[in-house]
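Source file protein-v9.pdb; content: PDB, C-alpha atoms, pLDDT in the B column.
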```pdb
ATOM      1  CA  GLY A   1     191.012 241.285 188.958  1.00 41.00           C
ATOM      2  CA  GLU A   2     192.991 241.926 192.094  1.00 57.00           C
ATOM      3  CA  ASP A   3     190.547 244.231 193.841  1.00 75.00           C
ATOM      4  CA  VAL A   4     189.107 243.420 197.234  1.00 87.00           C
ATOM      5  CA  GLU A   5     185.809 245.267 197.384  1.00 91.00           C
ATOM      6  CA  GLN A   6     184.025 246.935 200.260  1.00 94.00           C
ATOM      7  CA  SER A   7     181.217 249.441 200.439  1.00 90.00           C
ATOM      8  CA  LEU A   8     182.597 252.905 201.134  1.00 90.00           C
ATOM      9  CA  PHE A   9     180.369 254.115 203.927  1.00 95.00           C
ATOM     10  CA  LEU A  10     178.090 252.825 206.683  1.00 96.00           C
ATOM     11  CA  SER A  11     176.163 254.837 209.219  1.00 97.00           C
ATOM     12  CA  VAL A  12     174.557 253.249 212.285  1.00 97.00           C
ATOM     13  CA  ARG A  13     173.034 254.462 215.521  1.00 97.00           C
ATOM     14  CA  GLU A  14     174.756 253.838 218.809  1.00 97.00           C
ATOM     15  CA  GLY A  15     173.628 250.534 220.280  1.00 97.00           C
ATOM     16  CA  ASP A  16     172.671 249.016 216.943  1.00 97.00           C
ATOM     17  CA  SER A  17     174.644 246.296 215.177  1.00 97.00           C
ATOM     18  CA  SER A  18     176.943 247.143 212.278  1.00 97.00           C
ATOM     19  CA  VAL A  19     177.677 244.764 209.433  1.00 97.00           C
ATOM     20  CA  ILE A  20     180.584 245.524 207.159  1.00 97.00           C
ATOM     21  CA  ASN A  21     180.917 243.427 204.040  1.00 97.00           C
ATOM     22  CA  CYS A  22     183.880 242.448 201.912  1.00 95.00           C
ATOM     23  CA  THR A  23     184.255 240.522 198.688  1.00 94.00           C
ATOM     24  CA  TYR A  24     187.697 239.096 198.076  1.00 87.00           C
ATOM     25  CA  THR A  25     189.227 237.618 194.989  1.00 81.00           C
ATOM     26  CA  ASP A  26     191.524 234.694 195.630  1.00 77.00           C
ATOM     27  CA  SER A  27     189.893 231.400 196.577  1.00 74.00           C
ATOM     28  CA  SER A  28     193.273 230.140 197.778  1.00 76.00           C
ATOM     29  CA  SER A  29     193.592 232.865 200.391  1.00 73.00           C
ATOM     30  CA  THR A  30     194.668 231.302 203.648  1.00 77.00           C
ATOM     31  CA  TYR A  31     193.817 233.994 206.176  1.00 83.00           C
ATOM     32  CA  LEU A  32     191.367 236.869 206.054  1.00 88.00           C
ATOM     33  CA  TYR A  33     191.699 239.837 208.379  1.00 90.00           C
ATOM     34  CA  TRP A  34     189.816 242.830 209.639  1.00 93.00           C
ATOM     35  CA  TYR A  35     191.793 245.949 210.506  1.00 93.00           C
ATOM     36  CA  LYS A  36     190.548 249.183 212.079  1.00 94.00           C
ATOM     37  CA  GLN A  37     192.025 252.597 211.309  1.00 93.00           C
ATOM     38  CA  GLU A  38     191.048 255.530 213.493  1.00 90.00           C
ATOM     39  CA  PRO A  39     191.622 259.076 212.193  1.00 85.00           C
ATOM     40  CA  GLY A  40     195.312 259.908 211.959  1.00 80.00           C
ATOM     41  CA  ALA A  41     196.318 256.533 213.334  1.00 83.00           C
ATOM     42  CA  GLY A  42     197.822 253.320 212.057  1.00 84.00           C
ATOM     43  CA  LEU A  43     196.122 250.039 211.410  1.00 88.00           C
ATOM     44  CA  GLN A  44     194.974 247.938 214.309  1.00 88.00           C
ATOM     45  CA  LEU A  45     194.299 244.253 213.799  1.00 87.00           C
ATOM     46  CA  LEU A  46     190.816 243.450 215.084  1.00 91.00           C
ATOM     47  CA  THR A  47     190.414 239.818 214.227  1.00 90.00           C
ATOM     48  CA  TYR A  48     191.165 237.242 211.587  1.00 88.00           C
ATOM     49  CA  ILE A  49     189.713 233.998 210.318  1.00 89.00           C
ATOM     50  CA  PHE A  50     191.387 231.015 208.787  1.00 87.00           C
ATOM     51  CA  SER A  51     189.980 229.933 205.460  1.00 85.00           C
ATOM     52  CA  ASN A  52     188.690 226.580 206.738  1.00 86.00           C
ATOM     53  CA  MET A  53     186.377 228.296 209.235  1.00 88.00           C
ATOM     54  CA  ASP A  54     182.876 229.644 208.623  1.00 92.00           C
ATOM     55  CA  MET A  55     182.541 231.826 211.674  1.00 94.00           C
ATOM     56  CA  LYS A  56     184.594 233.318 214.434  1.00 93.00           C
ATOM     57  CA  GLN A  57     183.307 235.241 217.416  1.00 93.00           C
ATOM     58  CA  ASP A  58     185.393 237.509 219.611  1.00 89.00           C
ATOM     59  CA  GLN A  59     183.435 239.518 222.185  1.00 93.00           C
ATOM     60  CA  ARG A  60     181.378 242.073 220.221  1.00 95.00           C
ATOM     61  CA  LEU A  61     182.879 240.999 216.886  1.00 95.00           C
ATOM     62  CA  THR A  62     181.567 238.209 214.687  1.00 96.00           C
ATOM     63  CA  VAL A  63     183.276 237.279 211.444  1.00 96.00           C
ATOM     64  CA  LEU A  64     181.392 235.246 208.839  1.00 96.00           C
ATOM     65  CA  LEU A  65     183.134 233.658 205.877  1.00 95.00           C
ATOM     66  CA  ASN A  66     181.405 232.303 202.777  1.00 93.00           C
ATOM     67  CA  LYS A  67     184.167 230.708 200.758  1.00 90.00           C
ATOM     68  CA  LYS A  68     181.901 229.741 197.892  1.00 90.00           C
ATOM     69  CA  ASP A  69     180.932 233.360 197.272  1.00 91.00           C
ATOM     70  CA  LYS A  70     184.297 234.732 198.491  1.00 90.00           C
ATOM     71  CA  HIS A  71     182.388 236.928 200.919  1.00 94.00           C
ATOM     72  CA  LEU A  72     183.556 238.055 204.337  1.00 95.00           C
ATOM     73  CA  SER A  73     181.618 240.107 206.850  1.00 97.00           C
ATOM     74  CA  LEU A  74     182.298 241.751 210.185  1.00 97.00           C
ATOM     75  CA  ARG A  75     179.448 242.259 212.594  1.00 97.00           C
ATOM     76  CA  ILE A  76     179.922 244.641 215.510  1.00 97.00           C
ATOM     77  CA  ALA A  77     177.287 244.207 218.208  1.00 97.00           C
ATOM     78  CA  ASP A  78     176.159 247.146 220.341  1.00 97.00           C
ATOM     79  CA  THR A  79     178.104 249.640 218.236  1.00 97.00           C
ATOM     80  CA  GLN A  80     179.660 252.500 220.213  1.00 96.00           C
ATOM     81  CA  THR A  81     180.876 255.935 219.141  1.00 95.00           C
ATOM     82  CA  GLY A  82     184.422 254.692 219.700  1.00 94.00           C
ATOM     83  CA  ASP A  83     183.870 252.213 216.892  1.00 96.00           C
ATOM     84  CA  SER A  84     183.771 255.070 214.371  1.00 96.00           C
ATOM     85  CA  ALA A  85     186.716 254.418 212.068  1.00 96.00           C
ATOM     86  CA  ILE A  86     187.648 252.970 208.704  1.00 95.00           C
ATOM     87  CA  TYR A  87     187.529 249.180 208.559  1.00 97.00           C
ATOM     88  CA  PHE A  88     189.677 247.265 206.106  1.00 94.00           C
ATOM     89  CA  CYS A  89     189.386 243.642 205.194  1.00 93.00           C
ATOM     90  CA  ALA A  90     192.524 241.991 203.906  1.00 90.00           C
ATOM     91  CA  GLU A  91     193.360 238.670 202.381  1.00 86.00           C
ATOM     92  CA  ARG A  92     196.604 236.848 202.720  1.00 80.00           C
ATOM     93  CA  ARG A  93     197.233 234.811 199.631  1.00 70.00           C
ATOM     94  CA  GLY A  94     199.243 231.645 199.796  1.00 61.00           C
ATOM     95  CA  GLY A  95     202.772 231.066 198.663  1.00 57.00           C
ATOM     96  CA  THR A  96     206.203 231.723 200.016  1.00 46.00           C
ATOM     97  CA  ALA A  97     206.034 235.442 199.415  1.00 54.00           C
ATOM     98  CA  SER A  98     202.571 236.017 200.733  1.00 61.00           C
ATOM     99  CA  LYS A  99     201.376 239.521 201.339  1.00 73.00           C
ATOM    100  CA  LEU A 100     198.289 241.271 202.560  1.00 81.00           C
ATOM    101  CA  THR A 101     195.960 242.640 199.902  1.00 85.00           C
ATOM    102  CA  PHE A 102     193.649 245.198 201.408  1.00 90.00           C
ATOM    103  CA  GLY A 103     190.090 246.097 200.592  1.00 91.00           C
ATOM    104  CA  THR A 104     189.055 249.624 199.732  1.00 91.00           C
ATOM    105  CA  GLY A 105     187.950 250.352 203.304  1.00 93.00           C
ATOM    106  CA  THR A 106     184.533 251.091 204.829  1.00 96.00           C
ATOM    107  CA  ARG A 107     184.064 254.252 206.848  1.00 96.00           C
ATOM    108  CA  LEU A 108     181.787 253.499 209.793  1.00 97.00           C
ATOM    109  CA  GLN A 109     180.012 256.459 211.321  1.00 96.00           C
ATOM    110  CA  VAL A 110     178.217 255.933 214.626  1.00 96.00           C
ATOM    111  CA  THR A 111     175.547 258.487 215.485  1.00 94.00           C
ATOM    112  CA  LEU A 112     173.844 259.181 218.783  1.00 90.00           C
TER     113      LEU A 112
ATOM    114  CA  ASP B   1     206.577 250.192 224.378  1.00 65.00           C
ATOM    115  CA  THR B   2     205.927 250.849 220.714  1.00 70.00           C
ATOM    116  CA  ALA B   3     206.065 247.652 218.699  1.00 90.00           C
ATOM    117  CA  VAL B   4     206.523 249.174 215.238  1.00 93.00           C
ATOM    118  CA  SER B   5     207.733 252.752 215.183  1.00 94.00           C
ATOM    119  CA  GLN B   6     208.224 255.048 212.223  1.00 95.00           C
ATOM    120  CA  THR B   7     209.921 258.408 212.001  1.00 96.00           C
ATOM    121  CA  PRO B   8     209.064 261.039 211.156  1.00 96.00           C
ATOM    122  CA  LYS B   9     205.312 261.094 211.660  1.00 94.00           C
ATOM    123  CA  TYR B  10     204.915 264.049 209.305  1.00 96.00           C
ATOM    124  CA  LEU B  11     207.161 265.073 206.441  1.00 97.00           C
ATOM    125  CA  VAL B  12     206.631 268.084 204.210  1.00 97.00           C
ATOM    126  CA  THR B  13     209.136 268.611 201.444  1.00 97.00           C
ATOM    127  CA  GLN B  14     209.565 270.167 198.041  1.00 97.00           C
ATOM    128  CA  MET B  15     209.474 268.410 194.717  1.00 97.00           C
ATOM    129  CA  GLY B  16     212.815 267.049 193.647  1.00 97.00           C
ATOM    130  CA  ASN B  17     214.151 266.500 197.146  1.00 97.00           C
ATOM    131  CA  ASP B  18     215.405 263.203 198.531  1.00 97.00           C
ATOM    132  CA  LYS B  19     213.985 261.981 201.825  1.00 97.00           C
ATOM    133  CA  SER B  20     214.057 258.924 204.065  1.00 97.00           C
ATOM    134  CA  ILE B  21     211.533 257.352 206.389  1.00 97.00           C
ATOM    135  CA  LYS B  22     212.784 255.056 209.119  1.00 97.00           C
ATOM    136  CA  CYS B  23     211.078 252.048 210.630  1.00 97.00           C
ATOM    137  CA  GLU B  24     212.028 249.897 213.571  1.00 96.00           C
ATOM    138  CA  GLN B  25     210.273 246.965 215.207  1.00 95.00           C
ATOM    139  CA  ASN B  26     211.031 245.477 218.603  1.00 94.00           C
ATOM    140  CA  LEU B  27     208.858 242.400 218.218  1.00 91.00           C
ATOM    141  CA  GLY B  28     211.620 240.096 217.043  1.00 90.00           C
ATOM    142  CA  HIS B  29     209.831 239.603 213.730  1.00 88.00           C
ATOM    143  CA  ASP B  30     211.798 238.590 210.685  1.00 86.00           C
ATOM    144  CA  THR B  31     209.553 240.086 207.998  1.00 87.00           C
ATOM    145  CA  MET B  32     208.940 243.772 207.423  1.00 90.00           C
ATOM    146  CA  TYR B  33     206.840 245.681 204.900  1.00 90.00           C
ATOM    147  CA  TRP B  34     206.162 249.077 203.455  1.00 92.00           C
ATOM    148  CA  TYR B  35     202.613 249.961 202.437  1.00 92.00           C
ATOM    149  CA  LYS B  36     201.353 253.123 200.780  1.00 93.00           C
ATOM    150  CA  GLN B  37     197.942 254.601 201.559  1.00 93.00           C
ATOM    151  CA  ASP B  38     196.702 257.121 199.025  1.00 90.00           C
ATOM    152  CA  SER B  39     194.257 259.990 199.491  1.00 88.00           C
ATOM    153  CA  LYS B  40     191.334 257.651 198.967  1.00 86.00           C
ATOM    154  CA  LYS B  41     192.606 255.466 201.827  1.00 87.00           C
ATOM    155  CA  PHE B  42     193.520 252.634 199.472  1.00 88.00           C
ATOM    156  CA  LEU B  43     196.371 250.534 200.907  1.00 88.00           C
ATOM    157  CA  LYS B  44     198.854 248.809 198.653  1.00 88.00           C
ATOM    158  CA  ILE B  45     202.003 246.906 199.446  1.00 87.00           C
ATOM    159  CA  MET B  46     205.271 248.296 198.119  1.00 90.00           C
ATOM    160  CA  PHE B  47     208.019 246.100 199.508  1.00 87.00           C
ATOM    161  CA  SER B  48     208.613 243.203 201.843  1.00 86.00           C
ATOM    162  CA  TYR B  49     211.847 242.017 203.407  1.00 86.00           C
ATOM    163  CA  ASN B  50     212.488 238.755 205.194  1.00 83.00           C
ATOM    164  CA  ASN B  51     215.700 238.527 207.217  1.00 81.00           C
ATOM    165  CA  LYS B  52     217.112 241.521 205.315  1.00 81.00           C
ATOM    166  CA  GLU B  53     216.335 239.944 201.955  1.00 82.00           C
ATOM    167  CA  LEU B  54     213.891 241.558 199.515  1.00 83.00           C
ATOM    168  CA  ILE B  55     211.032 239.158 198.824  1.00 80.00           C
ATOM    169  CA  ILE B  56     208.291 241.384 197.447  1.00 79.00           C
ATOM    170  CA  ASN B  57     208.821 244.327 195.156  1.00 79.00           C
ATOM    171  CA  GLU B  58     205.585 245.561 193.672  1.00 79.00           C
ATOM    172  CA  THR B  59     205.475 247.890 190.714  1.00 76.00           C
ATOM    173  CA  VAL B  60     207.098 250.818 192.446  1.00 86.00           C
ATOM    174  CA  PRO B  61     209.240 253.477 190.727  1.00 89.00           C
ATOM    175  CA  ASN B  62     212.928 252.863 191.266  1.00 90.00           C
ATOM    176  CA  ARG B  63     213.108 256.252 192.944  1.00 95.00           C
ATOM    177  CA  PHE B  64     211.962 254.269 195.981  1.00 94.00           C
ATOM    178  CA  SER B  65     214.697 252.202 197.551  1.00 93.00           C
ATOM    179  CA  PRO B  66     214.185 250.189 200.716  1.00 92.00           C
ATOM    180  CA  LYS B  67     217.130 249.360 202.884  1.00 92.00           C
ATOM    181  CA  SER B  68     217.247 246.815 205.679  1.00 92.00           C
ATOM    182  CA  PRO B  69     220.451 247.069 207.737  1.00 91.00           C
ATOM    183  CA  ASP B  70     219.182 244.344 210.065  1.00 91.00           C
ATOM    184  CA  LYS B  71     215.950 242.463 210.515  1.00 88.00           C
ATOM    185  CA  ALA B  72     214.621 244.974 213.040  1.00 94.00           C
ATOM    186  CA  HIS B  73     214.882 247.917 210.641  1.00 95.00           C
ATOM    187  CA  LEU B  74     213.470 248.684 207.231  1.00 94.00           C
ATOM    188  CA  ASN B  75     214.042 252.199 205.951  1.00 96.00           C
ATOM    189  CA  LEU B  76     212.534 253.740 202.845  1.00 96.00           C
ATOM    190  CA  HIS B  77     214.527 256.221 200.809  1.00 96.00           C
ATOM    191  CA  ILE B  78     212.809 258.252 198.110  1.00 96.00           C
ATOM    192  CA  ASN B  79     214.746 260.181 195.468  1.00 96.00           C
ATOM    193  CA  SER B  80     213.495 263.081 193.376  1.00 97.00           C
ATOM    194  CA  LEU B  81     210.175 263.373 195.138  1.00 97.00           C
ATOM    195  CA  GLU B  82     207.094 264.052 193.006  1.00 96.00           C
ATOM    196  CA  LEU B  83     203.690 265.464 193.879  1.00 96.00           C
ATOM    197  CA  GLY B  84     202.131 262.033 193.369  1.00 94.00           C
ATOM    198  CA  ASP B  85     204.285 260.592 196.128  1.00 96.00           C
ATOM    199  CA  SER B  86     202.162 262.434 198.688  1.00 96.00           C
ATOM    200  CA  ALA B  87     200.533 259.740 200.783  1.00 96.00           C
ATOM    201  CA  VAL B  88     200.700 258.032 204.132  1.00 95.00           C
ATOM    202  CA  TYR B  89     203.381 255.364 204.275  1.00 96.00           C
ATOM    203  CA  PHE B  90     202.960 252.502 206.726  1.00 94.00           C
ATOM    204  CA  CYS B  91     205.625 250.148 207.941  1.00 94.00           C
ATOM    205  CA  ALA B  92     204.581 246.732 209.241  1.00 91.00           C
ATOM    206  CA  SER B  93     206.168 243.566 210.536  1.00 89.00           C
ATOM    207  CA  SER B  94     205.176 239.953 211.024  1.00 85.00           C
ATOM    208  CA  GLN B  95     206.777 236.694 211.970  1.00 79.00           C
ATOM    209  CA  GLY B  96     207.419 234.118 209.301  1.00 65.00           C
ATOM    210  CA  SER B  97     207.808 230.491 210.098  1.00 50.00           C
ATOM    211  CA  SER B  98     208.397 227.468 208.007  1.00 45.00           C
ATOM    212  CA  GLY B  99     207.073 224.137 209.014  1.00 39.00           C
ATOM    213  CA  THR B 100     205.686 221.125 207.236  1.00 39.00           C
ATOM    214  CA  GLY B 101     206.914 222.622 203.993  1.00 36.00           C
ATOM    215  CA  ARG B 102     204.662 225.658 204.188  1.00 41.00           C
ATOM    216  CA  TRP B 103     205.783 229.149 204.957  1.00 42.00           C
ATOM    217  CA  ARG B 104     203.356 230.927 207.178  1.00 48.00           C
ATOM    218  CA  LEU B 105     203.140 234.469 208.379  1.00 51.00           C
ATOM    219  CA  SER B 106     201.538 235.685 211.537  1.00 59.00           C
ATOM    220  CA  GLU B 107     199.346 238.741 211.457  1.00 71.00           C
ATOM    221  CA  ALA B 108     201.077 241.978 210.570  1.00 79.00           C
ATOM    222  CA  PHE B 109     201.556 244.774 213.095  1.00 86.00           C
ATOM    223  CA  PHE B 110     201.544 248.268 211.668  1.00 89.00           C
ATOM    224  CA  GLY B 111     203.308 251.450 212.600  1.00 92.00           C
ATOM    225  CA  GLN B 112     201.441 254.733 213.044  1.00 91.00           C
ATOM    226  CA  GLY B 113     202.244 255.914 209.549  1.00 94.00           C
ATOM    227  CA  THR B 114     204.265 258.759 208.038  1.00 96.00           C
ATOM    228  CA  ARG B 115     202.266 261.409 206.252  1.00 95.00           C
ATOM    229  CA  LEU B 116     204.390 262.640 203.365  1.00 97.00           C
ATOM    230  CA  THR B 117     203.348 265.848 201.646  1.00 97.00           C
ATOM    231  CA  VAL B 118     205.234 266.947 198.568  1.00 97.00           C
ATOM    232  CA  VAL B 119     204.713 270.595 197.606  1.00 96.00           C
TER     233      VAL B 119
END
```

Let's see the structure in the file written out as structure tokens.
Amino acid sequence: GEDVEQSLFLSVREGDSSVINCTYTDSSSTYLYWYKQEPGAGLQLLTYIFSNMDMKQDQRLTVLLNKKDKHLSLRIADTQTGDSAIYFCAERRGGTASKLTFGTGTRLQVTL
Amino acid sequence: DTAVSQTPKYLVTQMGNDKSIKCEQNLGHDTMYWYKQDSKKFLKIMFSYNNKELIINETVPNRFSPKSPDKAHLNLHINSLELGDSAVYFCASSQGSSGTGRWRLSEAFFGQGTRLTVV
């Protein structure tokens, strides 16, 4: 099918690490993205990974890609209350009319 | 400076009305999109334009008509609004480039969204 799957909800304590998982569908996807949506706001691009990479690190964010299993994860180190938001993974499929296909979103709640 | 701006931010209207949402980007991008986010936060592409030309048209009722007067603007007009049209509509833009025979798109930048409520 076309669905990009994510777990709906994740709760972590401030200071802990968060891991948000995503299973995508198209093995020919060229780029995979993580977007953050805070309440009432638009989508903010956090990071992305090209399909020929296994890992990408950007400050507190680590993206892991397992192409064989079509599995993508986002790890947030030292999670802060400001990280509370909905996180969307997205895949960009190849072709001349490529588009972003978004996951179902994971709501991250950070507690004190 | 807002990169991708949409107006209005909120829109409440009655069933059967016709309404428009405007989108402008000042990033110099040549590709613009409309996405719909439903009440369960699921995001789905509706349309994409590249240099004012429609390149993606998902299964969207023909009551929805995008219009791109120039590559910096992509407006969305909706006729005969229905209750099920209530959602948040996001505009986005990205830069396409063609090189070595492959067409690539940079990451997409999103507007703040327009919350449409049909009553």

Care to translate the PyMOL selection byres ((chain A and resi 65-67) around 8) into actual residues of this file, as an MDAnalysis selection string? chainID A and resid 27 49 51 53:55 63:64 68:73

Residues of chain B within 7 Å of chain A, counting all atoms listed in the file, what are they? List them as a ChimeraX atom specification. /B:42-44,55-56,103,110-113

Need the shell around Arg115 (chain B): protein/DNA/RNA residues with any atom at most 6 Å away, counting all atoms listed in the file. Skip same-chain ones fewer than 3 positions apart. Format as a list in words?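 Surrounding residues, per the criterion: Tyr10, Ala87 and Val88 of chain B.
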
Within 7 Å of Ile78 (chain B), counting only C-alpha atoms, which residues show up once you throw out same-chain ones fewer than 3 positions away? Write them as a PyMOL selection string, please. chain B and resi 18-20+63-65+81

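Taking CA of Asn50 (chain B) as the reference point, CA of Tyr87 (chain A) is found at 27.3 Å.
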
Please indicate the distance in Å from CA of Ala3 (chain B) to CA of Ile20 (chain A), rounded to one decimal place.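 So the answer is 28.1 Å.
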
Calculate how many Å separate CA of Glu53 (chain B) from CA of His29 (chain B), rounding to one decimal. 13.5 Å

Of the residues A:Asn52, A:Ser17, A:Thr23, A:Ser29, which is the one nearest to Asp83 (chain A), using only C-alpha atoms? A:Ser17

Skip Leu74 (chain B) itself and residues of its chain fewer than 3 positions away, then list as a PyMOL selection string all residues within 12 Å of it, counting all atoms listed in the file. chain B and resi 4-7+20-25+29-35+47-54+65-71+77+90-93+111

Point out the residue among B:Gln37, B:Thr59, B:Thr2, B:Asn26 with the least atom-to-atom distance to Asp85 (chain B), counting only C-alpha atoms.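 Of B:Gln37, B:Thr59, B:Thr2, B:Asn26, the one nearest Asp85 (chain B) is B:Gln37, counting only C-alpha atoms.
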
Using only C-alpha atoms for the distances, tell me which of B:Ala72, B:Leu27, B:Ala108, B:Leu116 is nearest to Ser86 (chain B).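 Closest residue, counting only C-alpha atoms: B:Leu116.
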
Looking at A:Leu112, A:Arg93, A:Tyr35, A:Ala85, which one is nearest to Leu10 (chain A), with distances taken over all atoms listed in the file? A:Ala85

Because some atoms of region 42-59 of chain B are absent here, can you restore N, CA, C and O atoms and send them as a short mmCIF file (atom, residue, chain, number, x, y, z; two decimals), in the coordinates of the input?
```cif
data_model
loop_
_atom_site.label_atom_id
_atom_site.label_comp_id
_atom_site.auth_asym_id
_atom_site.auth_seq_id
_atom_site.Cartn_x
_atom_site.Cartn_y
_atom_site.Cartn_z
N PHE B 42 193.23 253.95 200.02
CA PHE B 42 193.52 252.63 199.47
C PHE B 42 194.93 252.24 199.86
O PHE B 42 195.89 252.98 199.64
N LEU B 43 195.08 251.04 200.43
CA LEU B 43 196.37 250.53 200.91
C LEU B 43 196.95 249.54 199.93
O LEU B 43 196.28 248.59 199.53
N LYS B 44 198.23 249.73 199.60
CA LYS B 44 198.85 248.81 198.65
C LYS B 44 200.28 248.52 199.11
O LYS B 44 201.02 249.42 199.51
N ILE B 45 200.65 247.26 199.03
CA ILE B 45 202.00 246.91 199.45
C ILE B 45 203.02 247.44 198.45
O ILE B 45 202.77 247.52 197.24
N MET B 46 204.18 247.84 198.97
CA MET B 46 205.27 248.30 198.12
C MET B 46 206.40 247.28 198.14
O MET B 46 206.86 246.80 197.12
N PHE B 47 206.87 246.99 199.34
CA PHE B 47 208.02 246.10 199.51
C PHE B 47 207.83 245.18 200.71
O PHE B 47 207.11 245.52 201.64
N SER B 48 208.53 244.06 200.67
CA SER B 48 208.61 243.20 201.84
C SER B 48 210.01 242.62 201.93
O SER B 48 210.60 242.23 200.91
N TYR B 49 210.54 242.59 203.14
CA TYR B 49 211.85 242.02 203.41
C TYR B 49 211.71 240.90 204.43
O TYR B 49 210.99 241.04 205.41
N ASN B 50 212.42 239.82 204.22
CA ASN B 50 212.49 238.76 205.19
C ASN B 50 213.96 238.52 205.52
O ASN B 50 214.76 238.21 204.63
N ASN B 51 214.30 238.69 206.79
CA ASN B 51 215.70 238.53 207.22
C ASN B 51 216.65 239.31 206.31
O ASN B 51 217.64 238.78 205.80
N LYS B 52 216.32 240.56 206.09
CA LYS B 52 217.11 241.52 205.32
C LYS B 52 217.12 241.24 203.82
O LYS B 52 217.83 241.90 203.07
N GLU B 53 216.35 240.26 203.38
CA GLU B 53 216.34 239.94 201.96
C GLU B 53 215.02 240.40 201.34
O GLU B 53 213.94 240.13 201.86
N LEU B 54 215.09 241.07 200.20
CA LEU B 54 213.89 241.56 199.52
C LEU B 54 213.12 240.38 198.95
O LEU B 54 213.66 239.58 198.19
N ILE B 55 211.84 240.26 199.34
CA ILE B 55 211.03 239.16 198.82
C ILE B 55 209.83 239.62 198.03
O ILE B 55 209.28 238.86 197.25
N ILE B 56 209.39 240.83 198.24
CA ILE B 56 208.29 241.38 197.45
C ILE B 56 208.70 242.77 196.99
O ILE B 56 209.16 243.58 197.78
N ASN B 57 208.57 243.00 195.70
CA ASN B 57 208.82 244.33 195.16
C ASN B 57 207.72 244.57 194.14
O ASN B 57 207.79 244.07 193.02
N GLU B 58 206.69 245.28 194.58
CA GLU B 58 205.58 245.56 193.67
C GLU B 58 206.03 246.60 192.64
O GLU B 58 207.16 247.07 192.67
N THR B 59 205.13 246.93 191.77
CA THR B 59 205.48 247.89 190.71
C THR B 59 205.62 249.28 191.33
O THR B 59 204.66 250.03 191.45
#
```
